[in-house]
Amino acid sequence: MKFFKILIVTFLFLSTKLISQTPTDFLSKEFHKDRREVLRSKMPENSVSVVFSNSIRNRANDVDYVFHQDPNFYYLTGYREPNAVLVVFSEDQTDENGNSYNEILYVQKRNKRAEQWNGKRLGVEGAKNELGFDLAFNGIDFINSKIDFKKFDKVFIEGKFKDDHRNSNDNADVFKLVKSFKQKSGYNPAIFLSPMKKYFYSLIKETTPEKREETVARIKGLQEQYSELKEDKFIQNYINASDEKLAQDYQQKVSLALQPQTNIDLDFFPSQMATMREIKTEEEMKLLTKAVRISAIGQVEVMKAMKPHMSEVELQGIHEFVYKKYGAEYEGYPSIVGAGNNGCILHYIENNKTKVGNDLVLMDLGAEYRGFTADVTRTIPASGKFTPEQKAIYDLVYAGQEAGIAKYVIGEKMSTPRATAEKLINEGLVKLGIIKSVDEEHPYMPHGTSHHIGLDVHDPGNYETFEKNMVVTMEPGVYIPEGSPCDKKWWGIAVRIEDDILVTDGKPVNLSGEAPRKSEEIEKMMAKKSVLNDFVLPDLDK
Ligand code: GLY
Ligand code: MN
Ligand code: MN
């Protein structure tokens with residue numbers, strides 16, 4: 001009997017997997033629940049966190065952009081629709097019937113007509129059954145609810161509202177949910193200081209009478225550049241104070257302004273999310289690794305397929321075709337495919353050169369798989385062979401990357417890989433005669449090398465030291481645009497090599513290592529035949 005039961009349960013399980021024609025390998029509801037538990041465990045007594053979903057963004061006229069969930073919201077709920085709000089309480093609350101709860105998800109209301117046009121909605125029942133919330137309501141219930149946010153010691157939100165949601169015909173869109181929250185909580189953006197003001201207010205607060213002159217000189221030196229400092233009445237009063245007594249009075253006012261009189265806190269939530277999201281769980285690692293491998297395999301296929309007559313956008317299409325073939329939903333960020341001088345534009349996304357010719361082609365792309373995005377760059381010669389100049393720069397960047405990757409070990413500062421790569425690259429640039437000395441300020445290596453990836457391509461984190469199960473890019477680059485103050489033979493060479501590195505107890509693991517990186521290995525891969533060689537379409541111009 002028991003055997004049959006097991007058989008039937010197994011059959012039902014397998015058949016739902018087989019019958020289901022949509023992906024089933026998203027993060028589990030247990031994962032999201034656990035993340036909410038961790039957040040709750042960090043929240044102080046009598047506090048509440050309020051997190052909003054993303055809204056629908058308009059592209060043009062009656063066409064909207066493809067919806068993408070806010071990564072923090074997704075991390076905590078698994079909900080993939082707009083117009084929702086999550087409320088997490090530090091302790092159990094009791095409703096009028098004596099039932100207790102410690103979290104509520106408010107979701108988009110089900111609507112037959114809207115679902116006929118734009119697809120199925122999970123609704124309240126779906127939020128309970130599929131996402132595992134005990135308590136879920138429609139968005140309008142949040143607007144009509146009497147939640148008294150003023151009674152909490154702390155109300156945590158994701159930072160100052162950017163107010164970039166559109167007011168639509170929907171009676172519970174994010175615009176209206178946020179508006180309702182602002183009314184309920186008494187949110188007043190004017191009392192929150194910008195990071196720059198916070199910094200200078202703190203500086204003034206901590207300035208002793210002996211150091212006042214120094215602080216005043218520092219602020220005066222910067223106020224031309226930053227109008228925010230010039231227009232701030234507290235700062236102006238402080239720097240113009242005619243005597244020490246007045247200066248101290250203004251110092252006092254600044255200290256008070258540093259502690260806005262509100263229970264709304266903008267810092268706690270983002271900081272907790274950074275701490276949680278920078279370390280990947282096993283479940284996240286499976287999906288993230290898949291996103292990275294898909295992206296690396298895209299690079300391999302393009303290495304085989306690339307021909308000088310191809311356009312940048314065609315190459316982009318091959319990468320993205322590989323992503324879609326693996327079932328990746330999106331690209332994690334706009335794809336960058338830049339030949340020659342175009343590669344010098346760091347976030348070049350026009351990808352509109354019609355022939356890559358014999359240039360180096362810089363390709364920075366990442367598949368997004370079940371919400372997780374890779375970030376992988378390869379730079380390869382369209383002809384299949386590096387010229388001596390291209391190879392010299394390429395091998396230098398490669399050496400810098402290798403030296404940097406070796407520093408992805410537990411406890412090492414996250415700034416070390418860039419410093420290590422930069423030192424090596426500067427020495428190389430001197431040897432090649434591109435710069436004169438290793439200390440020379442130069443524009444050829446303008447960006448950082450190491451950011452977390454995850455649900456965001458630039459994932460939040462504390463950016464202090466490497467810890468186990470972080471996944472961080474290592475992406476040195478050297479860019480020599482046309483007209484640079486060096487021998488012309490280097491002009492138009494742009495090289496970035498970017499890999500996604502997992503920090504472990506032992507050696508760092510290169511998750512994107514399936515795509516060749518060494519110049520010789522790239523040339524070998526490019527000599528291989530591509531199945532796309534036979535994919536010839538009709539010529540529409542004939
Ligand atoms: N693709 C963006 C970056 O490399 O950071
Ligand atoms: Mn990157
Ligand atoms: Mn990148």
# chains A, B, ... in the order shown; residues from 1 in each chain; ligands from 1
$ residues_near_ligand --ligand "ligand 1" --cutoff "10 Å" --atoms "only C-alpha atoms and all ligand atoms" --output "ChimeraX atom specification"
/A:332-336,346-348,363-366,374-377,447-453,457-458,473-476,496-499
$ write_last_selection --atoms "C-alpha atoms" --output "PDB file, in the first residue's frame"
ATOM      1  CA  GLY A 332      21.064  41.135 -17.630  1.00  0.00           C
ATOM      2  CA  TYR A 333      21.999  44.522 -19.130  1.00  0.00           C
ATOM      3  CA  PRO A 334      22.125  45.964 -22.644  1.00  0.00           C
ATOM      4  CA  SER A 335      24.621  43.961 -24.697  1.00  0.00           C
ATOM      5  CA  ILE A 336      27.874  45.639 -25.656  1.00  0.00           C
ATOM      6  CA  LEU A 346      32.738  51.581 -21.913  1.00  0.00           C
ATOM      7  CA  HIS A 347      28.985  51.109 -22.127  1.00  0.00           C
ATOM      8  CA  TYR A 348      28.686  51.143 -25.928  1.00  0.00           C
ATOM      9  CA  MET A 363      31.884  41.809 -26.401  1.00  0.00           C
ATOM     10  CA  ASP A 364      30.449  42.367 -22.917  1.00  0.00           C
ATOM     11  CA  LEU A 365      27.228  40.432 -22.456  1.00  0.00           C
ATOM     12  CA  GLY A 366      25.387  38.491 -19.783  1.00  0.00           C
ATOM     13  CA  ALA A 374      26.173  36.919 -15.654  1.00  0.00           C
ATOM     14  CA  ASP A 375      28.661  39.564 -16.797  1.00  0.00           C
ATOM     15  CA  VAL A 376      31.276  38.194 -19.190  1.00  0.00           C
ATOM     16  CA  THR A 377      33.559  40.010 -21.638  1.00  0.00           C
ATOM     17  CA  HIS A 447      37.203  51.739 -14.408  1.00  0.00           C
ATOM     18  CA  GLY A 448      37.032  49.388 -11.446  1.00  0.00           C
ATOM     19  CA  THR A 449      37.496  45.656 -11.857  1.00  0.00           C
ATOM     20  CA  SER A 450      35.449  43.945  -9.201  1.00  0.00           C
ATOM     21  CA  HIS A 451      31.717  44.054  -8.568  1.00  0.00           C
ATOM     22  CA  HIS A 452      29.312  41.477  -7.212  1.00  0.00           C
ATOM     23  CA  ILE A 453      26.867  39.853  -9.602  1.00  0.00           C
ATOM     24  CA  VAL A 457      24.570  42.906 -12.716  1.00  0.00           C
ATOM     25  CA  HIS A 458      26.054  45.307 -10.191  1.00  0.00           C
ATOM     26  CA  THR A 473      33.759  40.003 -11.589  1.00  0.00           C
ATOM     27  CA  MET A 474      37.419  40.529 -12.452  1.00  0.00           C
ATOM     28  CA  GLU A 475      37.446  42.849 -15.430  1.00  0.00           C
ATOM     29  CA  PRO A 476      40.571  44.823 -16.186  1.00  0.00           C
ATOM     30  CA  ARG A 496      38.474  44.161 -21.663  1.00  0.00           C
ATOM     31  CA  ILE A 497      38.526  40.639 -20.266  1.00  0.00           C
ATOM     32  CA  GLU A 498      35.846  39.950 -17.700  1.00  0.00           C
ATOM     33  CA  ASP A 499      35.195  36.789 -15.749  1.00  0.00           C
TER      34      ASP A 499
END
$ residues_around --residues "region 169-175 of chain A" --least-positions-apart "4" --cutoff "6 Å" --atoms "only C-alpha atoms" --output "VMD selection string"
chain A and resid 55 83 139 to 140 165
$ write_last_selection --atoms "C-alpha atoms" --output "tab-separated table (two decimals), in the first residue's frame"
chain	number	residue	atom	x	y	z
A	55	SER	CA	6.15	49.47	-11.79
A	83	ASN	CA	2.04	46.80	-8.40
A	139	GLY	CA	-3.04	46.20	-3.59
A	140	ILE	CA	-6.22	48.21	-3.06
A	165	HIS	CA	6.40	55.65	-11.07
$ closest_residue --among "A:Met306, A:Asp500, A:Tyr101, A:Tyr199" --to "ligand 3" --atoms "only C-alpha atoms and all ligand atoms"
A:Asp500
$ atom_distance --atom1 "CA of Arg517 (chain A)" --atom2 "CA of Val495 (chain A)"
11.7 Å
$ closest_residue --among "A:Lys42, A:Gly477, A:Pro516, A:Thr207" --to "ligand 2" --atoms "only C-alpha atoms and all ligand atoms"
A:Gly477
$ decode --residues "region 260-309 of chain A" --atoms "N, CA and C atoms" --output "compact mmCIF listing (two decimals), in the first residue's frame"
# COMPACT_ATOMS: atom_id res chain seq x y z
N PRO A 260 17.13 63.29 11.69
CA PRO A 260 15.77 63.74 11.36
C PRO A 260 14.75 63.17 12.34
N GLN A 261 13.80 63.98 12.72
CA GLN A 261 12.80 63.56 13.70
C GLN A 261 11.70 62.75 13.00
N THR A 262 12.02 61.52 12.71
CA THR A 262 11.06 60.64 12.06
C THR A 262 11.41 59.21 12.42
N ASN A 263 10.41 58.33 12.33
CA ASN A 263 10.73 56.91 12.57
C ASN A 263 11.10 56.21 11.26
N ILE A 264 11.10 56.96 10.16
CA ILE A 264 11.45 56.34 8.86
C ILE A 264 12.96 56.32 8.69
N ASP A 265 13.48 55.16 8.37
CA ASP A 265 14.93 54.98 8.26
C ASP A 265 15.26 54.51 6.83
N LEU A 266 16.17 55.24 6.19
CA LEU A 266 16.50 54.92 4.80
C LEU A 266 17.71 54.01 4.66
N ASP A 267 18.46 53.84 5.73
CA ASP A 267 19.76 53.17 5.62
C ASP A 267 19.74 51.68 5.95
N PHE A 268 18.92 51.32 6.95
CA PHE A 268 18.95 49.95 7.45
C PHE A 268 18.65 48.91 6.37
N PHE A 269 17.56 49.13 5.64
CA PHE A 269 17.13 48.11 4.68
C PHE A 269 18.16 47.86 3.58
N PRO A 270 18.62 48.93 2.89
CA PRO A 270 19.64 48.65 1.85
C PRO A 270 20.89 48.01 2.42
N SER A 271 21.25 48.40 3.62
CA SER A 271 22.47 47.83 4.19
C SER A 271 22.27 46.34 4.53
N GLN A 272 21.09 45.97 5.04
CA GLN A 272 20.82 44.55 5.30
C GLN A 272 20.80 43.75 4.01
N MET A 273 20.19 44.33 2.99
CA MET A 273 20.10 43.60 1.72
C MET A 273 21.50 43.39 1.13
N ALA A 274 22.36 44.39 1.28
CA ALA A 274 23.73 44.25 0.77
C ALA A 274 24.43 43.10 1.49
N THR A 275 24.26 43.05 2.80
CA THR A 275 24.92 42.01 3.59
C THR A 275 24.37 40.63 3.25
N MET A 276 23.08 40.54 3.01
CA MET A 276 22.50 39.24 2.68
C MET A 276 22.84 38.84 1.24
N ARG A 277 22.67 39.76 0.33
CA ARG A 277 22.78 39.39 -1.10
C ARG A 277 24.22 39.17 -1.56
N GLU A 278 25.19 39.70 -0.81
CA GLU A 278 26.58 39.55 -1.29
C GLU A 278 27.11 38.12 -1.11
N ILE A 279 26.47 37.35 -0.23
CA ILE A 279 26.86 35.94 -0.06
C ILE A 279 25.78 35.08 -0.71
N LYS A 280 26.19 34.26 -1.66
CA LYS A 280 25.19 33.48 -2.39
C LYS A 280 24.92 32.14 -1.69
N THR A 281 23.64 31.78 -1.60
CA THR A 281 23.28 30.48 -1.05
C THR A 281 23.47 29.43 -2.15
N GLU A 282 23.38 28.17 -1.74
CA GLU A 282 23.56 27.08 -2.71
C GLU A 282 22.53 27.17 -3.84
N GLU A 283 21.29 27.51 -3.44
CA GLU A 283 20.22 27.59 -4.43
C GLU A 283 20.48 28.71 -5.44
N GLU A 284 20.97 29.84 -4.94
CA GLU A 284 21.29 30.94 -5.85
C GLU A 284 22.45 30.56 -6.77
N MET A 285 23.43 29.87 -6.19
CA MET A 285 24.63 29.51 -6.95
C MET A 285 24.30 28.68 -8.18
N LYS A 286 23.30 27.78 -8.04
CA LYS A 286 22.93 26.91 -9.17
C LYS A 286 22.48 27.76 -10.36
N LEU A 287 21.62 28.73 -10.06
CA LEU A 287 21.06 29.55 -11.15
C LEU A 287 22.10 30.53 -11.68
N LEU A 288 22.87 31.10 -10.76
CA LEU A 288 23.88 32.07 -11.20
C LEU A 288 24.94 31.38 -12.05
N THR A 289 25.37 30.20 -11.62
CA THR A 289 26.36 29.45 -12.40
C THR A 289 25.83 29.16 -13.79
N LYS A 290 24.55 28.83 -13.85
CA LYS A 290 23.96 28.52 -15.16
C LYS A 290 23.98 29.76 -16.05
N ALA A 291 23.61 30.90 -15.48
CA ALA A 291 23.63 32.15 -16.27
C ALA A 291 25.03 32.42 -16.80
N VAL A 292 26.02 32.19 -15.94
CA VAL A 292 27.41 32.47 -16.34
C VAL A 292 27.86 31.49 -17.42
N ARG A 293 27.54 30.22 -17.24
CA ARG A 293 27.97 29.22 -18.23
C ARG A 293 27.32 29.49 -19.58
N ILE A 294 26.04 29.84 -19.56
CA ILE A 294 25.33 30.15 -20.82
C ILE A 294 26.06 31.30 -21.53
N SER A 295 26.45 32.30 -20.76
CA SER A 295 27.12 33.48 -21.35
C SER A 295 28.48 33.10 -21.91
N ALA A 296 29.20 32.25 -21.19
CA ALA A 296 30.53 31.83 -21.67
C ALA A 296 30.38 31.01 -22.94
N ILE A 297 29.35 30.16 -22.99
CA ILE A 297 29.13 29.34 -24.19
C ILE A 297 28.75 30.22 -25.38
N GLY A 298 28.00 31.30 -25.09
CA GLY A 298 27.70 32.29 -26.14
C GLY A 298 28.99 32.85 -26.72
N GLN A 299 29.95 33.15 -25.85
CA GLN A 299 31.24 33.69 -26.32
C GLN A 299 31.95 32.65 -27.21
N VAL A 300 31.90 31.39 -26.80
CA VAL A 300 32.56 30.33 -27.58
C VAL A 300 31.94 30.25 -28.98
N GLU A 301 30.61 30.26 -29.03
CA GLU A 301 29.95 30.13 -30.34
C GLU A 301 30.29 31.31 -31.24
N VAL A 302 30.37 32.50 -30.63
CA VAL A 302 30.71 33.68 -31.45
C VAL A 302 32.16 33.61 -31.91
N MET A 303 33.04 33.08 -31.06
CA MET A 303 34.44 32.92 -31.48
C MET A 303 34.51 32.09 -32.76
N LYS A 304 33.70 31.04 -32.80
CA LYS A 304 33.74 30.17 -33.99
C LYS A 304 33.07 30.84 -35.18
N ALA A 305 32.02 31.61 -34.91
CA ALA A 305 31.21 32.14 -36.02
C ALA A 305 31.71 33.46 -36.60
N MET A 306 32.52 34.21 -35.83
CA MET A 306 32.84 35.58 -36.23
C MET A 306 33.58 35.65 -37.58
N LYS A 307 33.11 36.57 -38.42
CA LYS A 307 33.77 36.83 -39.71
C LYS A 307 33.84 38.35 -39.87
N PRO A 308 34.90 38.83 -40.58
CA PRO A 308 35.04 40.29 -40.72
C PRO A 308 33.85 40.99 -41.38
N HIS A 309 33.06 40.26 -42.20
CA HIS A 309 31.93 40.94 -42.86
C HIS A 309 30.72 41.08 -41.96
